[in-house]
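Student: Sharing a structure below in structure tokens format, with a few things to ask.
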Amino acid sequence: MSLPSEDATTRVQPSLDELRDEAMQWGRKPRAFGTWYVTEHMVRAMRAYGWTIIVGALGQPILYLLGLAVGLAALIDAPITQNGVEVSYLVFVAPALLMTAAISVASEEFSYPVMAGFKWRRYFFGFSATGLSPGQIAGGVISGASARIIVVVIAYYLFLWLFQAVPNPETGWLTIPIGLLAGLAFGIPYMAYAASITDDKGQVALVQRFIFMPMFLFSGTFYPLATLPLWLQWIGWVSPLWHATELGRVATYGLPMDPFVIVVHVGYLLLLSIGGYVIGRRMFQRRLGA
Amino acid sequence: MPAPVITAENLVKAYKVKGKPDFLAVDGLSFEVAPGESFGLLGPNGAGKSTTMKMVGAVSTRTSGELSILGLDPDRYGPEIRSRLGVVPQQDNLDGELNARENLYIYGRYFGLPGKVCHQKADELLAFAQLEDKAKSKVEQLSGGMKRRLTIARGLINDPRILLLDEPTTGLDPQARHVLWDRLFRLKERGTTLVLTTHYMDEAEQLCDRLIVVDKGRIMAEGTPASLIREHSSREVLEVRFGSDRNEQVAPQLEGIGDRVEVLPDRILVYANDGEAALETVTHRGLTPITSLVRRSSLEDVFLRLTGRSLIE
């Protein structure tokens, strides 16, 4: 039986100055790299459900693309016209599928680990007892989730390309960073909300049903948003999925778009991400420092 | 006398309560902890012990007063202070999705320790916590006592200068408590500064060199367990039971026996230097208790004396 510290008889208690200097020294690394330590933890924890991640990342695009390319696209013979450009149904729907996948993964990675961290298993309280700050813990959750989102969108993009759903691969790859941004724009505000839940009444399941599902259905995913009556179009306007999908269409098949509108789409996604982070960080501070 | 590693002066933590004056969870605590000392906060639930621990742990900010940990102000140097502390919280917060060893490894990473060092320390600490054969077990499969030991092991991964333990043995069976006490005693022997809260007087007596008795956010008394008992209680206590409906009624007839008589719902405590002699006097007065017991005074008696309430309510 050995203990990592030396024996009491040989141990001389250091002076307060020495202790202070030692603490200053030890504080440097967590201050500089704390966010990455949390990221490492998040990614390690993902290994517990690693197969779900891999099967989800590969299986979902295959199923959707087979279903849509072989099934629905065969039925919808007529090309889709948006902003004066005609494309096949598969090409039209492809960027929307990628963005949906990114947001779907975000809705898992920004909710369950956050609920577990604060409520179910409370491990964030363990993190906050170390040199980490609440902001770094929030940052680590974001970068951990980002890692998974990137894996998923890259896999998705490769499948789209294989299924010949990307007519312009020279700009099409931009759907990868756009997908990440879409995930963050939905996920970070969701993280802020999840961090505010002190009384778990199944809110996470409600978000899935009443926010994620309508967003998926009414964000110009399967048909141009303009097809919808005006009183339903607002769902698309506020939805990060629609903004990201529009950008994705510009990237994959060159949907004509005013540069100003592109800026608005990107700006909106950034606004949600950054705004979510500012609020989320405050929530983490409030929960962990009370 | 070496400089204290913890200095609290007039420490206050207030929480806002809607429509009411602020609730003072900690109301002007002052204490010092010397390096290598084992210092306890004894008090009932809700006394402000955990809140004090969170402030000392540089997690929760103080409302007012002065606080210095390892010579640093936690408001400014939170990460630096926390890097040199070990914390064992009241509620376990291990990551159930990782196994025992991974929990130690990843925690070491939080202190910026290189991966190799984390692996080595994880193995050492699994041995210390007597959990070597559980290294690969998921945390959820461990018993309550094992989880506590793993949490303590985790708190030691950075060779902390101060180990903070909040109610370390609450909810554990007696055997698990003794195993844990043994581990903590070893740390104490090695010179680690321990700060612990507890509402178990036997735990405080076992582990603390010095303690403060806290109630409603204030210090009621301070000293070594022995000096507190000497100061606030008699050497022995006679416990007599006459049946819960008769205790109150019999109590006046015990007046004058020992130094003091305390009536609890289920029993009467007679504080006396010689418990057996006190019991003899009771029977001489023609009273026959259903049960009687003579024991040494404990911190429980000190607390009862100071606050008029029992520690475990």
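Letters for chains follow the order of the structure tokens (A, B, ...), residue numbers begin at 1 for each chain, and ligand numbers begin at 1 in the order shown.
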Given a cut-off of 9 Å, which residues of chain A touch chain B, counting only C-alpha atoms, written out as JSON, numbers by chain?

Tutor: {"A": [1, 2, 3, 4, 5, 6, 7, 8, 9, 11, 12, 13, 14, 15, 16, 17, 19, 20, 22, 23, 24, 25, 26, 27, 28, 29, 30, 31, 33, 34, 37, 38, 40, 41, 44, 45, 46, 48, 117, 121, 122, 123, 124, 125, 126, 127, 128, 129, 130, 131, 132, 133, 288, 289, 290]}

Student: Taking the chain letters and numbering used in this document, name the residues of range 70-127 of chain A that DSSP puts in helix (DSSP H, G or I), as a PyMOL selection string.

Tutor: chain A and resi 70-75+89-109+112-120+123-127

Student: I'd like the contact shell of Phe218 in chain A - 10 Å cut-off, only C-alpha atoms, skipping same-chain residues fewer than 3 positions apart - returned as a list of chain:residue names.

Tutor: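 Those residues are A:Met213, A:Pro214, A:Met215, A:Thr221, A:Phe222, A:Tyr223, A:Pro224, A:Leu225, A:Leu228, A:Leu232, A:Gln233, A:Trp234, A:Ile235, A:Gly236, A:Trp237, A:Ser239, A:Leu241, A:Trp242.
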
Student: Set the distance at 7 Å and use only C-alpha atoms: which residues neighbour Ala138 in chain A once local chain neighbours fewer than 3 positions away are removed? I'd like the list as a PDB file with C-alpha atoms, in the first residue's frame.

Tutor:
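Output contents, as saved in around-v1.pdb:
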ATOM      1  CA  PRO A 134     -17.465  27.308 -15.862  1.00  0.00           C
ATOM      2  CA  GLY A 135     -16.812  29.029 -19.208  1.00  0.00           C
ATOM      3  CA  VAL A 141     -18.957  20.739 -24.289  1.00  0.00           C
ATOM      4  CA  ILE A 142     -19.142  22.823 -27.466  1.00  0.00           C
ATOM      5  CA  ARG A 281     -21.688  30.550 -20.176  1.00  0.00           C
ATOM      6  CA  PHE A 284     -22.892  27.450 -16.348  1.00  0.00           C
TER       7      PHE A 284
END

Student: So which residues touch range 164-169 of chain A within 10 Å, counting only C-alpha atoms, skipping near sequence neighbours fewer than 4 positions away, as a list in words?

Tutor: Leu65, Ala69, Val87, Ser88, Tyr89, Leu90, Val91, Phe92, Val93, Ala94, Pro95, Tyr157, Leu158, Phe159, Leu160, Trp173, Leu174, Thr175, Arg249, Val250, Ala251, Thr252, Tyr253 and Gly254 of chain A

Student: Could you pull the residues within 12 Å of Gly275 in chain A, counting only C-alpha atoms, minus those fewer than 2 positions along the same chain, as a PDB file with N, CA and C atoms, in the first residue's frame?

Tutor:
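Full text of out.pdb as output:
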ATOM      1  N   LEU A 184     -24.036  24.185 -34.484  1.00  0.00           N
ATOM      2  CA  LEU A 184     -23.738  25.071 -33.358  1.00  0.00           C
ATOM      3  C   LEU A 184     -24.855  26.088 -33.145  1.00  0.00           C
ATOM      4  N   ALA A 185     -25.413  26.597 -34.251  1.00  0.00           N
ATOM      5  CA  ALA A 185     -26.464  27.619 -34.146  1.00  0.00           C
ATOM      6  C   ALA A 185     -27.701  27.059 -33.458  1.00  0.00           C
ATOM      7  N   PHE A 186     -27.947  25.768 -33.666  1.00  0.00           N
ATOM      8  CA  PHE A 186     -29.069  25.151 -32.959  1.00  0.00           C
ATOM      9  C   PHE A 186     -28.623  24.651 -31.587  1.00  0.00           C
ATOM     10  N   GLY A 187     -27.428  24.056 -31.554  1.00  0.00           N
ATOM     11  CA  GLY A 187     -26.978  23.355 -30.356  1.00  0.00           C
ATOM     12  C   GLY A 187     -26.588  24.254 -29.198  1.00  0.00           C
ATOM     13  N   ILE A 188     -25.884  25.347 -29.480  1.00  0.00           N
ATOM     14  CA  ILE A 188     -25.389  26.158 -28.350  1.00  0.00           C
ATOM     15  C   ILE A 188     -26.549  26.812 -27.586  1.00  0.00           C
ATOM     16  N   PRO A 189     -27.531  27.417 -28.276  1.00  0.00           N
ATOM     17  CA  PRO A 189     -28.678  27.916 -27.495  1.00  0.00           C
ATOM     18  C   PRO A 189     -29.394  26.791 -26.743  1.00  0.00           C
ATOM     19  N   TYR A 190     -29.415  25.603 -27.356  1.00  0.00           N
ATOM     20  CA  TYR A 190     -30.036  24.449 -26.696  1.00  0.00           C
ATOM     21  C   TYR A 190     -29.253  24.088 -25.435  1.00  0.00           C
ATOM     22  N   MET A 191     -27.935  24.161 -25.530  1.00  0.00           N
ATOM     23  CA  MET A 191     -27.083  23.900 -24.365  1.00  0.00           C
ATOM     24  C   MET A 191     -27.410  24.890 -23.238  1.00  0.00           C
ATOM     25  N   ALA A 192     -27.590  26.161 -23.624  1.00  0.00           N
ATOM     26  CA  ALA A 192     -27.913  27.184 -22.620  1.00  0.00           C
ATOM     27  C   ALA A 192     -29.232  26.840 -21.935  1.00  0.00           C
ATOM     28  N   GLY A 267     -24.807  35.456 -40.914  1.00  0.00           N
ATOM     29  CA  GLY A 267     -24.904  36.307 -39.721  1.00  0.00           C
ATOM     30  C   GLY A 267     -25.907  35.754 -38.712  1.00  0.00           C
ATOM     31  N   TYR A 268     -27.035  35.263 -39.239  1.00  0.00           N
ATOM     32  CA  TYR A 268     -28.052  34.736 -38.334  1.00  0.00           C
ATOM     33  C   TYR A 268     -27.534  33.511 -37.578  1.00  0.00           C
ATOM     34  N   LEU A 269     -26.849  32.635 -38.311  1.00  0.00           N
ATOM     35  CA  LEU A 269     -26.305  31.419 -37.678  1.00  0.00           C
ATOM     36  C   LEU A 269     -25.240  31.781 -36.642  1.00  0.00           C
ATOM     37  N   LEU A 270     -24.414  32.785 -36.984  1.00  0.00           N
ATOM     38  CA  LEU A 270     -23.385  33.213 -36.029  1.00  0.00           C
ATOM     39  C   LEU A 270     -24.028  33.848 -34.795  1.00  0.00           C
ATOM     40  N   LEU A 271     -25.077  34.631 -35.066  1.00  0.00           N
ATOM     41  CA  LEU A 271     -25.758  35.311 -33.958  1.00  0.00           C
ATOM     42  C   LEU A 271     -26.306  34.295 -32.950  1.00  0.00           C
ATOM     43  N   LEU A 272     -26.955  33.244 -33.480  1.00  0.00           N
ATOM     44  CA  LEU A 272     -27.492  32.218 -32.582  1.00  0.00           C
ATOM     45  C   LEU A 272     -26.374  31.532 -31.800  1.00  0.00           C
ATOM     46  N   SER A 273     -25.274  31.236 -32.502  1.00  0.00           N
ATOM     47  CA  SER A 273     -24.166  30.529 -31.845  1.00  0.00           C
ATOM     48  C   SER A 273     -23.546  31.393 -30.751  1.00  0.00           C
ATOM     49  N   TYR A 277     -23.820  31.130 -26.729  1.00  0.00           N
ATOM     50  CA  TYR A 277     -22.630  30.934 -25.886  1.00  0.00           C
ATOM     51  C   TYR A 277     -22.608  31.917 -24.722  1.00  0.00           C
ATOM     52  N   VAL A 278     -22.943  33.181 -25.027  1.00  0.00           N
ATOM     53  CA  VAL A 278     -22.919  34.204 -23.965  1.00  0.00           C
ATOM     54  C   VAL A 278     -23.907  33.827 -22.853  1.00  0.00           C
ATOM     55  N   ILE A 279     -25.108  33.440 -23.267  1.00  0.00           N
ATOM     56  CA  ILE A 279     -26.116  33.065 -22.262  1.00  0.00           C
ATOM     57  C   ILE A 279     -25.733  31.751 -21.586  1.00  0.00           C
ATOM     58  N   GLY A 280     -25.263  30.801 -22.401  1.00  0.00           N
ATOM     59  CA  GLY A 280     -24.891  29.486 -21.862  1.00  0.00           C
ATOM     60  C   GLY A 280     -23.788  29.590 -20.832  1.00  0.00           C
ATOM     61  N   ARG A 281     -22.795  30.406 -21.123  1.00  0.00           N
ATOM     62  CA  ARG A 281     -21.688  30.550 -20.176  1.00  0.00           C
ATOM     63  C   ARG A 281     -22.189  31.107 -18.848  1.00  0.00           C
ATOM     64  N   ARG A 282     -23.128  32.064 -18.950  1.00  0.00           N
ATOM     65  CA  ARG A 282     -23.698  32.642 -17.728  1.00  0.00           C
ATOM     66  C   ARG A 282     -24.465  31.569 -16.936  1.00  0.00           C
TER      67      ARG A 282
END

Student: Show which residues sit within 10 Å of Glu262 in chain B, as JSON, numbers by chain. Count only C-alpha atoms, and ignore same-chain residues fewer than 6 positions away.

Tutor: {"B": [239, 251, 268, 269, 270, 271, 301, 304, 305, 308]}

Student: Create the file for the chosen residues now, containing N, CA and C atoms and written as a PDB file, in the first residue's frame.

Tutor:
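Output below, filename result-v5.pdb:
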ATOM      1  N   GLU B 239     -27.987   7.812  30.617  1.00  0.00           N
ATOM      2  CA  GLU B 239     -29.204   7.864  29.804  1.00  0.00           C
ATOM      3  C   GLU B 239     -30.241   6.958  30.441  1.00  0.00           C
ATOM      4  N   ALA B 251     -38.923  13.696  34.909  1.00  0.00           N
ATOM      5  CA  ALA B 251     -37.766  14.594  34.896  1.00  0.00           C
ATOM      6  C   ALA B 251     -37.615  15.453  36.168  1.00  0.00           C
ATOM      7  N   ILE B 268     -34.013  10.525  28.936  1.00  0.00           N
ATOM      8  CA  ILE B 268     -33.520  11.634  29.753  1.00  0.00           C
ATOM      9  C   ILE B 268     -32.017  11.464  29.898  1.00  0.00           C
ATOM     10  N   LEU B 269     -31.288  12.576  29.696  1.00  0.00           N
ATOM     11  CA  LEU B 269     -29.840  12.535  29.848  1.00  0.00           C
ATOM     12  C   LEU B 269     -29.480  13.209  31.161  1.00  0.00           C
ATOM     13  N   VAL B 270     -28.711  12.516  31.966  1.00  0.00           N
ATOM     14  CA  VAL B 270     -28.232  13.106  33.223  1.00  0.00           C
ATOM     15  C   VAL B 270     -26.722  13.287  33.081  1.00  0.00           C
ATOM     16  N   TYR B 271     -26.284  14.526  33.079  1.00  0.00           N
ATOM     17  CA  TYR B 271     -24.855  14.806  32.923  1.00  0.00           C
ATOM     18  C   TYR B 271     -24.196  14.763  34.290  1.00  0.00           C
ATOM     19  N   ASP B 301     -23.368  15.594  22.812  1.00  0.00           N
ATOM     20  CA  ASP B 301     -23.802  16.281  24.026  1.00  0.00           C
ATOM     21  C   ASP B 301     -23.398  17.748  24.001  1.00  0.00           C
ATOM     22  N   LEU B 304     -25.812  19.474  21.755  1.00  0.00           N
ATOM     23  CA  LEU B 304     -27.115  19.596  22.420  1.00  0.00           C
ATOM     24  C   LEU B 304     -27.068  20.732  23.442  1.00  0.00           C
ATOM     25  N   ARG B 305     -25.982  20.809  24.154  1.00  0.00           N
ATOM     26  CA  ARG B 305     -25.816  21.835  25.177  1.00  0.00           C
ATOM     27  C   ARG B 305     -25.788  23.227  24.539  1.00  0.00           C
ATOM     28  N   GLY B 308     -29.320  23.345  22.071  1.00  0.00           N
ATOM     29  CA  GLY B 308     -30.617  22.846  22.539  1.00  0.00           C
ATOM     30  C   GLY B 308     -31.248  21.877  21.548  1.00  0.00           C
TER      31      GLY B 308
END

Student: Rounded to one decimal in Å, what is the spacing between CA of Ala101 in chain A and CA of Thr52 in chain A?

Tutor: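 According to the coordinates, CA of Ala101 in chain A and CA of Thr52 in chain A are separated by 14.0 Å.
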
Student: For each of A:Gly140, A:Phe216, A:Phe163, A:Val153, take the minimum atom-to-atom distance to Val70 in chain A, counting only C-alpha atoms, then give the residue where this is smallest.

Tutor: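 Once distances to Val70 in chain A are computed over only C-alpha atoms, the minimum belongs to A:Phe163.
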
Student: Select, from B:Leu67, B:Leu254, B:Val17, B:Leu299, the residue with the minimum atom-to-atom distance to His199 in chain B, counting only C-alpha atoms.

Tutor: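 Smallest separation from His199 in chain B among the options: B:Leu299.
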
Student: My list of candidates is B:Val240, B:Leu42, B:Leu165, B:Leu194. Which is closest to Leu264 in chain B when distances are computed with only C-alpha atoms?

Tutor: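 Residue with the minimum atom-to-atom distance to Leu264 in chain B: B:Val240.
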
Student: As a list in words, please: every residue in range 46-208 of chain A that DSSP puts in strand (DSSP E or B).

Tutor: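 Across range 46-208 of chain A, those assigned strand (DSSP E or B) are Ile80, Thr81, Gln82, Val85, Glu86 and Val87 of chain A.
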
Student: If you measure from CA of Pro61 in chain A to CA of Tyr156 in chain A, what distance in Å do you get, rounded to one decimal?

Tutor: 5.9 Å

Student: Ranking A:Ala155, A:Val238, A:Leu180, A:Ile262 by minimum distance to Val55 in chain A and counting only C-alpha atoms, which one comes first?

Tutor: A:Ala155

Student: Give me, please, the distance in Å between CA of Val151 in chain A and CA of Gly56 in chain A, quoted to one decimal.

Tutor: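 So the two atoms, CA of Val151 in chain A and CA of Gly56 in chain A, lie 10.7 Å apart.
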